[in-house]
$ cat input_10.cif   # mmCIF, N, CA and C atoms
data_structure
loop_
_atom_site.label_atom_id
_atom_site.label_comp_id
_atom_site.auth_asym_id
_atom_site.auth_seq_id
_atom_site.Cartn_x
_atom_site.Cartn_y
_atom_site.Cartn_z
N MET A 874 82.56 38.51 72.71
CA MET A 874 82.39 39.96 72.70
C MET A 874 82.13 40.42 74.13
N VAL A 875 82.81 41.45 74.57
CA VAL A 875 82.67 41.99 75.92
C VAL A 875 81.66 43.13 75.89
N ARG A 876 80.67 43.02 76.75
CA ARG A 876 79.62 44.04 76.82
C ARG A 876 79.94 44.98 77.98
N PRO A 877 79.73 46.30 77.80
CA PRO A 877 79.98 47.22 78.91
C PRO A 877 79.06 46.88 80.09
N ALA A 878 79.52 47.21 81.30
CA ALA A 878 78.77 46.87 82.50
C ALA A 878 77.36 47.44 82.46
N LEU A 879 77.21 48.70 82.20
CA LEU A 879 75.89 49.33 82.09
C LEU A 879 75.87 50.24 80.88
N THR A 880 74.80 50.18 80.15
CA THR A 880 74.62 51.09 79.03
C THR A 880 73.61 52.14 79.43
N LEU A 881 73.45 53.13 78.61
CA LEU A 881 72.47 54.17 78.89
C LEU A 881 71.08 53.57 79.05
N ARG A 882 70.74 52.62 78.20
CA ARG A 882 69.42 51.99 78.27
C ARG A 882 69.24 51.23 79.59
N ASP A 883 70.29 50.56 80.07
CA ASP A 883 70.20 49.85 81.34
C ASP A 883 69.89 50.82 82.47
N ASN A 884 70.54 51.98 82.46
CA ASN A 884 70.28 52.99 83.49
C ASN A 884 68.86 53.50 83.41
N GLU A 885 68.33 53.67 82.19
CA GLU A 885 66.95 54.12 82.03
C GLU A 885 65.99 53.09 82.61
N ILE A 886 66.24 51.83 82.35
CA ILE A 886 65.37 50.77 82.86
C ILE A 886 65.40 50.75 84.38
N GLN A 887 66.59 50.86 84.96
CA GLN A 887 66.70 50.88 86.41
C GLN A 887 65.96 52.07 87.00
N GLY A 888 66.09 53.23 86.38
CA GLY A 888 65.39 54.43 86.84
C GLY A 888 63.89 54.26 86.74
N ASP A 889 63.42 53.69 85.62
CA ASP A 889 61.99 53.45 85.44
C ASP A 889 61.47 52.48 86.48
N LEU A 890 62.23 51.44 86.76
CA LEU A 890 61.83 50.46 87.77
C LEU A 890 61.76 51.11 89.15
N SER A 891 62.73 51.93 89.48
CA SER A 891 62.72 52.61 90.78
C SER A 891 61.51 53.52 90.90
N ARG A 892 61.20 54.28 89.86
CA ARG A 892 60.02 55.16 89.89
C ARG A 892 58.74 54.34 90.03
N TRP A 893 58.65 53.24 89.31
CA TRP A 893 57.45 52.39 89.39
C TRP A 893 57.30 51.81 90.79
N LEU A 894 58.40 51.32 91.37
CA LEU A 894 58.32 50.75 92.72
C LEU A 894 57.86 51.79 93.73
N ARG A 895 58.36 53.02 93.62
CA ARG A 895 57.93 54.08 94.55
C ARG A 895 56.46 54.40 94.36
N SER A 896 56.00 54.44 93.11
CA SER A 896 54.60 54.80 92.87
C SER A 896 53.63 53.68 93.28
N GLU A 897 54.08 52.43 93.19
CA GLU A 897 53.21 51.30 93.51
C GLU A 897 53.25 50.87 94.97
N SER A 898 54.26 51.32 95.68
CA SER A 898 54.35 50.91 97.08
C SER A 898 53.37 51.75 97.89
N GLY A 899 52.60 51.07 98.70
CA GLY A 899 51.62 51.76 99.51
C GLY A 899 52.25 52.35 100.76
N ASP A 900 51.47 53.11 101.45
CA ASP A 900 51.92 53.70 102.71
C ASP A 900 51.81 52.62 103.78
N ASN A 901 52.93 52.24 104.34
CA ASN A 901 52.92 51.19 105.34
C ASN A 901 53.18 51.73 106.74
N SER A 902 52.92 53.02 106.95
CA SER A 902 53.20 53.63 108.25
C SER A 902 52.34 53.03 109.35
N GLU A 903 51.11 52.68 109.04
CA GLU A 903 50.23 52.05 110.04
C GLU A 903 50.78 50.69 110.45
N ARG A 904 51.22 49.94 109.47
CA ARG A 904 51.78 48.61 109.73
C ARG A 904 53.08 48.70 110.55
N LEU A 905 53.92 49.69 110.23
CA LEU A 905 55.16 49.88 110.98
C LEU A 905 54.87 50.30 112.41
N GLU A 906 53.89 51.16 112.60
CA GLU A 906 53.54 51.58 113.96
C GLU A 906 53.02 50.40 114.78
N ARG A 907 52.22 49.55 114.16
CA ARG A 907 51.73 48.36 114.85
C ARG A 907 52.88 47.43 115.22
N LEU A 908 53.85 47.29 114.33
CA LEU A 908 55.01 46.47 114.61
C LEU A 908 55.83 47.05 115.77
N ARG A 909 56.04 48.36 115.77
CA ARG A 909 56.78 48.99 116.88
C ARG A 909 56.07 48.79 118.21
N ARG A 910 54.76 48.97 118.21
CA ARG A 910 53.97 48.80 119.43
C ARG A 910 54.07 47.35 119.92
N ASN A 911 53.93 46.41 119.02
CA ASN A 911 54.01 45.00 119.38
C ASN A 911 55.43 44.61 119.81
N LEU A 912 56.43 45.23 119.22
CA LEU A 912 57.81 44.95 119.61
C LEU A 912 58.05 45.39 121.05
N ARG A 913 57.54 46.56 121.43
CA ARG A 913 57.68 47.00 122.83
C ARG A 913 57.01 46.02 123.78
N ARG A 914 55.82 45.58 123.42
CA ARG A 914 55.11 44.60 124.26
C ARG A 914 55.88 43.28 124.34
N ALA A 915 56.39 42.84 123.21
CA ALA A 915 57.11 41.56 123.17
C ALA A 915 58.39 41.63 124.00
N ARG A 916 59.09 42.75 123.94
CA ARG A 916 60.32 42.88 124.73
C ARG A 916 60.00 42.75 126.22
N ASP A 917 58.90 43.35 126.64
CA ASP A 917 58.52 43.28 128.05
C ASP A 917 58.00 41.91 128.44
N ALA A 918 57.22 41.29 127.57
CA ALA A 918 56.54 40.05 127.93
C ALA A 918 57.36 38.80 127.68
N GLU A 919 58.18 38.79 126.64
CA GLU A 919 58.82 37.56 126.20
C GLU A 919 60.28 37.40 126.60
N LEU A 920 60.97 38.50 126.82
CA LEU A 920 62.41 38.41 127.07
C LEU A 920 62.71 38.37 128.57
N THR A 921 63.79 37.68 128.90
CA THR A 921 64.26 37.70 130.28
C THR A 921 64.90 39.06 130.55
N GLU A 922 65.13 39.36 131.79
CA GLU A 922 65.75 40.64 132.15
C GLU A 922 67.13 40.78 131.49
N ARG A 923 67.90 39.72 131.49
CA ARG A 923 69.23 39.75 130.89
C ARG A 923 69.15 39.97 129.38
N GLN A 924 68.21 39.29 128.73
CA GLN A 924 68.03 39.48 127.29
C GLN A 924 67.61 40.92 126.99
N ARG A 925 66.67 41.45 127.78
CA ARG A 925 66.23 42.84 127.58
C ARG A 925 67.41 43.80 127.71
N GLU A 926 68.24 43.56 128.71
CA GLU A 926 69.39 44.43 128.94
C GLU A 926 70.35 44.40 127.76
N MET A 927 70.67 43.21 127.29
CA MET A 927 71.62 43.09 126.17
C MET A 927 71.03 43.62 124.87
N VAL A 928 69.77 43.35 124.62
CA VAL A 928 69.11 43.86 123.41
C VAL A 928 69.08 45.39 123.45
N HIS A 929 68.79 45.96 124.61
CA HIS A 929 68.77 47.42 124.75
C HIS A 929 70.15 48.00 124.45
N LEU A 930 71.17 47.42 125.05
CA LEU A 930 72.52 47.94 124.83
C LEU A 930 72.95 47.79 123.37
N TYR A 931 72.60 46.68 122.75
CA TYR A 931 73.05 46.41 121.38
C TYR A 931 72.27 47.24 120.35
N TYR A 932 70.94 47.20 120.42
CA TYR A 932 70.13 47.86 119.40
C TYR A 932 69.81 49.32 119.72
N ASP A 933 69.46 49.61 120.96
CA ASP A 933 69.06 50.97 121.30
C ASP A 933 70.25 51.88 121.52
N ARG A 934 71.28 51.38 122.18
CA ARG A 934 72.45 52.20 122.48
C ARG A 934 73.55 52.06 121.45
N GLY A 935 73.50 51.02 120.62
CA GLY A 935 74.49 50.85 119.56
C GLY A 935 75.85 50.33 120.02
N HIS A 936 75.89 49.70 121.20
CA HIS A 936 77.15 49.14 121.69
C HIS A 936 77.52 47.88 120.90
N SER A 937 78.80 47.64 120.77
CA SER A 937 79.26 46.40 120.13
C SER A 937 79.12 45.26 121.13
N MET A 938 79.14 44.05 120.62
CA MET A 938 79.05 42.89 121.51
C MET A 938 80.26 42.83 122.44
N SER A 939 81.41 43.23 121.95
CA SER A 939 82.61 43.24 122.80
C SER A 939 82.45 44.22 123.95
N LYS A 940 81.90 45.39 123.66
CA LYS A 940 81.72 46.40 124.71
C LYS A 940 80.69 45.93 125.74
N ILE A 941 79.61 45.31 125.27
CA ILE A 941 78.60 44.78 126.19
C ILE A 941 79.23 43.72 127.08
N ALA A 942 80.02 42.85 126.48
CA ALA A 942 80.68 41.78 127.25
C ALA A 942 81.57 42.37 128.33
N MET A 943 82.31 43.41 128.01
CA MET A 943 83.17 44.04 129.01
C MET A 943 82.34 44.69 130.11
N GLU A 944 81.28 45.41 129.74
CA GLU A 944 80.43 46.09 130.73
C GLU A 944 79.76 45.12 131.69
N LEU A 945 79.32 43.97 131.15
CA LEU A 945 78.58 43.01 131.97
C LEU A 945 79.46 41.90 132.53
N SER A 946 80.73 41.96 132.24
CA SER A 946 81.70 40.96 132.71
C SER A 946 81.32 39.54 132.32
N VAL A 947 81.02 39.39 131.03
CA VAL A 947 80.71 38.07 130.48
C VAL A 947 81.53 37.90 129.20
N ASN A 948 81.52 36.70 128.68
CA ASN A 948 82.23 36.40 127.45
C ASN A 948 81.45 36.97 126.26
N LYS A 949 82.16 37.38 125.22
CA LYS A 949 81.52 37.93 124.01
C LYS A 949 80.56 36.92 123.39
N SER A 950 80.92 35.63 123.42
CA SER A 950 80.04 34.61 122.84
C SER A 950 78.74 34.50 123.64
N THR A 951 78.78 34.77 124.94
CA THR A 951 77.57 34.76 125.75
C THR A 951 76.62 35.87 125.29
N VAL A 952 77.18 37.03 125.02
CA VAL A 952 76.38 38.15 124.52
C VAL A 952 75.76 37.78 123.18
N SER A 953 76.55 37.23 122.29
CA SER A 953 76.08 36.85 120.97
C SER A 953 74.94 35.83 121.05
N ARG A 954 75.13 34.79 121.85
CA ARG A 954 74.09 33.76 121.99
C ARG A 954 72.83 34.32 122.64
N THR A 955 72.99 35.18 123.63
CA THR A 955 71.83 35.75 124.32
C THR A 955 71.02 36.63 123.39
N ILE A 956 71.69 37.45 122.60
CA ILE A 956 70.98 38.31 121.65
C ILE A 956 70.32 37.47 120.56
N ALA A 957 70.97 36.42 120.12
CA ALA A 957 70.38 35.53 119.10
C ALA A 957 69.12 34.86 119.65
N ARG A 958 69.18 34.39 120.89
CA ARG A 958 67.98 33.78 121.49
C ARG A 958 66.86 34.80 121.64
N ALA A 959 67.21 36.01 122.02
CA ALA A 959 66.21 37.07 122.15
C ALA A 959 65.56 37.37 120.80
N ARG A 960 66.35 37.45 119.75
CA ARG A 960 65.80 37.70 118.41
C ARG A 960 64.84 36.59 117.99
N ARG A 961 65.22 35.34 118.27
CA ARG A 961 64.33 34.22 117.91
C ARG A 961 63.02 34.31 118.67
N ARG A 962 63.09 34.63 119.96
CA ARG A 962 61.87 34.74 120.76
C ARG A 962 60.99 35.88 120.24
N LEU A 963 61.60 37.01 119.92
CA LEU A 963 60.84 38.15 119.39
C LEU A 963 60.23 37.82 118.04
N TYR A 964 60.99 37.14 117.20
CA TYR A 964 60.47 36.76 115.89
C TYR A 964 59.25 35.86 116.03
N ARG A 965 59.35 34.84 116.89
CA ARG A 965 58.21 33.94 117.09
C ARG A 965 57.00 34.69 117.60
N TYR A 966 57.20 35.65 118.47
CA TYR A 966 56.10 36.43 119.04
C TYR A 966 55.49 37.35 117.98
N LEU A 967 56.32 37.95 117.15
CA LEU A 967 55.85 38.98 116.22
C LEU A 967 55.45 38.48 114.84
N LYS A 968 55.79 37.27 114.50
CA LYS A 968 55.63 36.84 113.11
C LYS A 968 54.18 36.87 112.64
N TYR A 969 53.22 36.75 113.52
CA TYR A 969 51.82 36.78 113.10
C TYR A 969 51.14 38.10 113.44
N SER A 970 51.89 39.06 113.95
CA SER A 970 51.26 40.29 114.40
C SER A 970 51.06 41.32 113.29
N LEU A 971 51.60 41.07 112.12
CA LEU A 971 51.44 42.01 111.03
C LEU A 971 50.20 41.68 110.25
#
$ encode --input "input_10.cif" --output "structure tokens"
Amino acid sequence: MVRPALTLRDNEIQGDLSRWLRSESGDNSERLERLRRNLRRARDAELTERQREMVHLYYDRGHSMSKIAMELSVNKSTVSRTIARARRRLYRYLKYSL
């Protein structure tokens, strides 16, 4: 027997779950602000100048890795590896700050 993808009752359950999740989730604005503050510190303290530059172009300016590679005259894979190393360093620095 083939069952329809979603029934009216399934939609009600999903809606109820969404309402419950919103009502039970606390305000995490203080935690997010602390994370943002620590992220700024970590970028300054933990990343090399080149990593800071590439992270800024990628995340803050929204450039693609190809565009960053062209601007900095490096290979796209270099940009990818540099940003990945920067993310790992930031993660290690920030993982206990929350």
$ closest_residue --input "input_10.cif" --among "A:Ser939, A:Asn911, A:Ser953, A:Ser898" --to "Leu967 in chain A" --atoms "only N, CA and C atoms"
A:Asn911
$ atom_distance --input "input_10.cif" --atom1 "CA of Leu905 in chain A" --atom2 "CA of Ala959 in chain A"
20.3 Å
$ closest_residue --input "input_10.cif" --among "A:Ile956, A:Lys968, A:Ser937, A:Arg962" --to "Gln924 in chain A" --atoms "only C-alpha atoms"
A:Ile956
$ select_by_dssp --input "input_10.cif" --residues "chain A" --states "alpha helix (DSSP H)" --output "ChimeraX atom specification"
/A:881-897,902-919,922-928,938-945,949-967
$ atom_distance --input "input_10.cif" --atom1 "atom C of Val952 in chain A" --atom2 "atom N of Met938 in chain A"
7.6 Å
$ residues_around --input "input_10.cif" --residues "Arg923 in chain A" --least-positions-apart "4" --cutoff "8 Å" --atoms "all atoms listed in the file" --output "count of residues only"
5
$ residues_around --input "input_10.cif" --residues "range 915-919 of chain A" --least-positions-apart "2" --cutoff "7 Å" --atoms "all atoms listed in the file" --output "PyMOL selection string"
chain A and resi 910-913+921+925+962-963+966
$ atom_distance --input "input_10.cif" --atom1 "CA of Asn948 in chain A" --atom2 "CA of Tyr964 in chain A"
24.6 Å
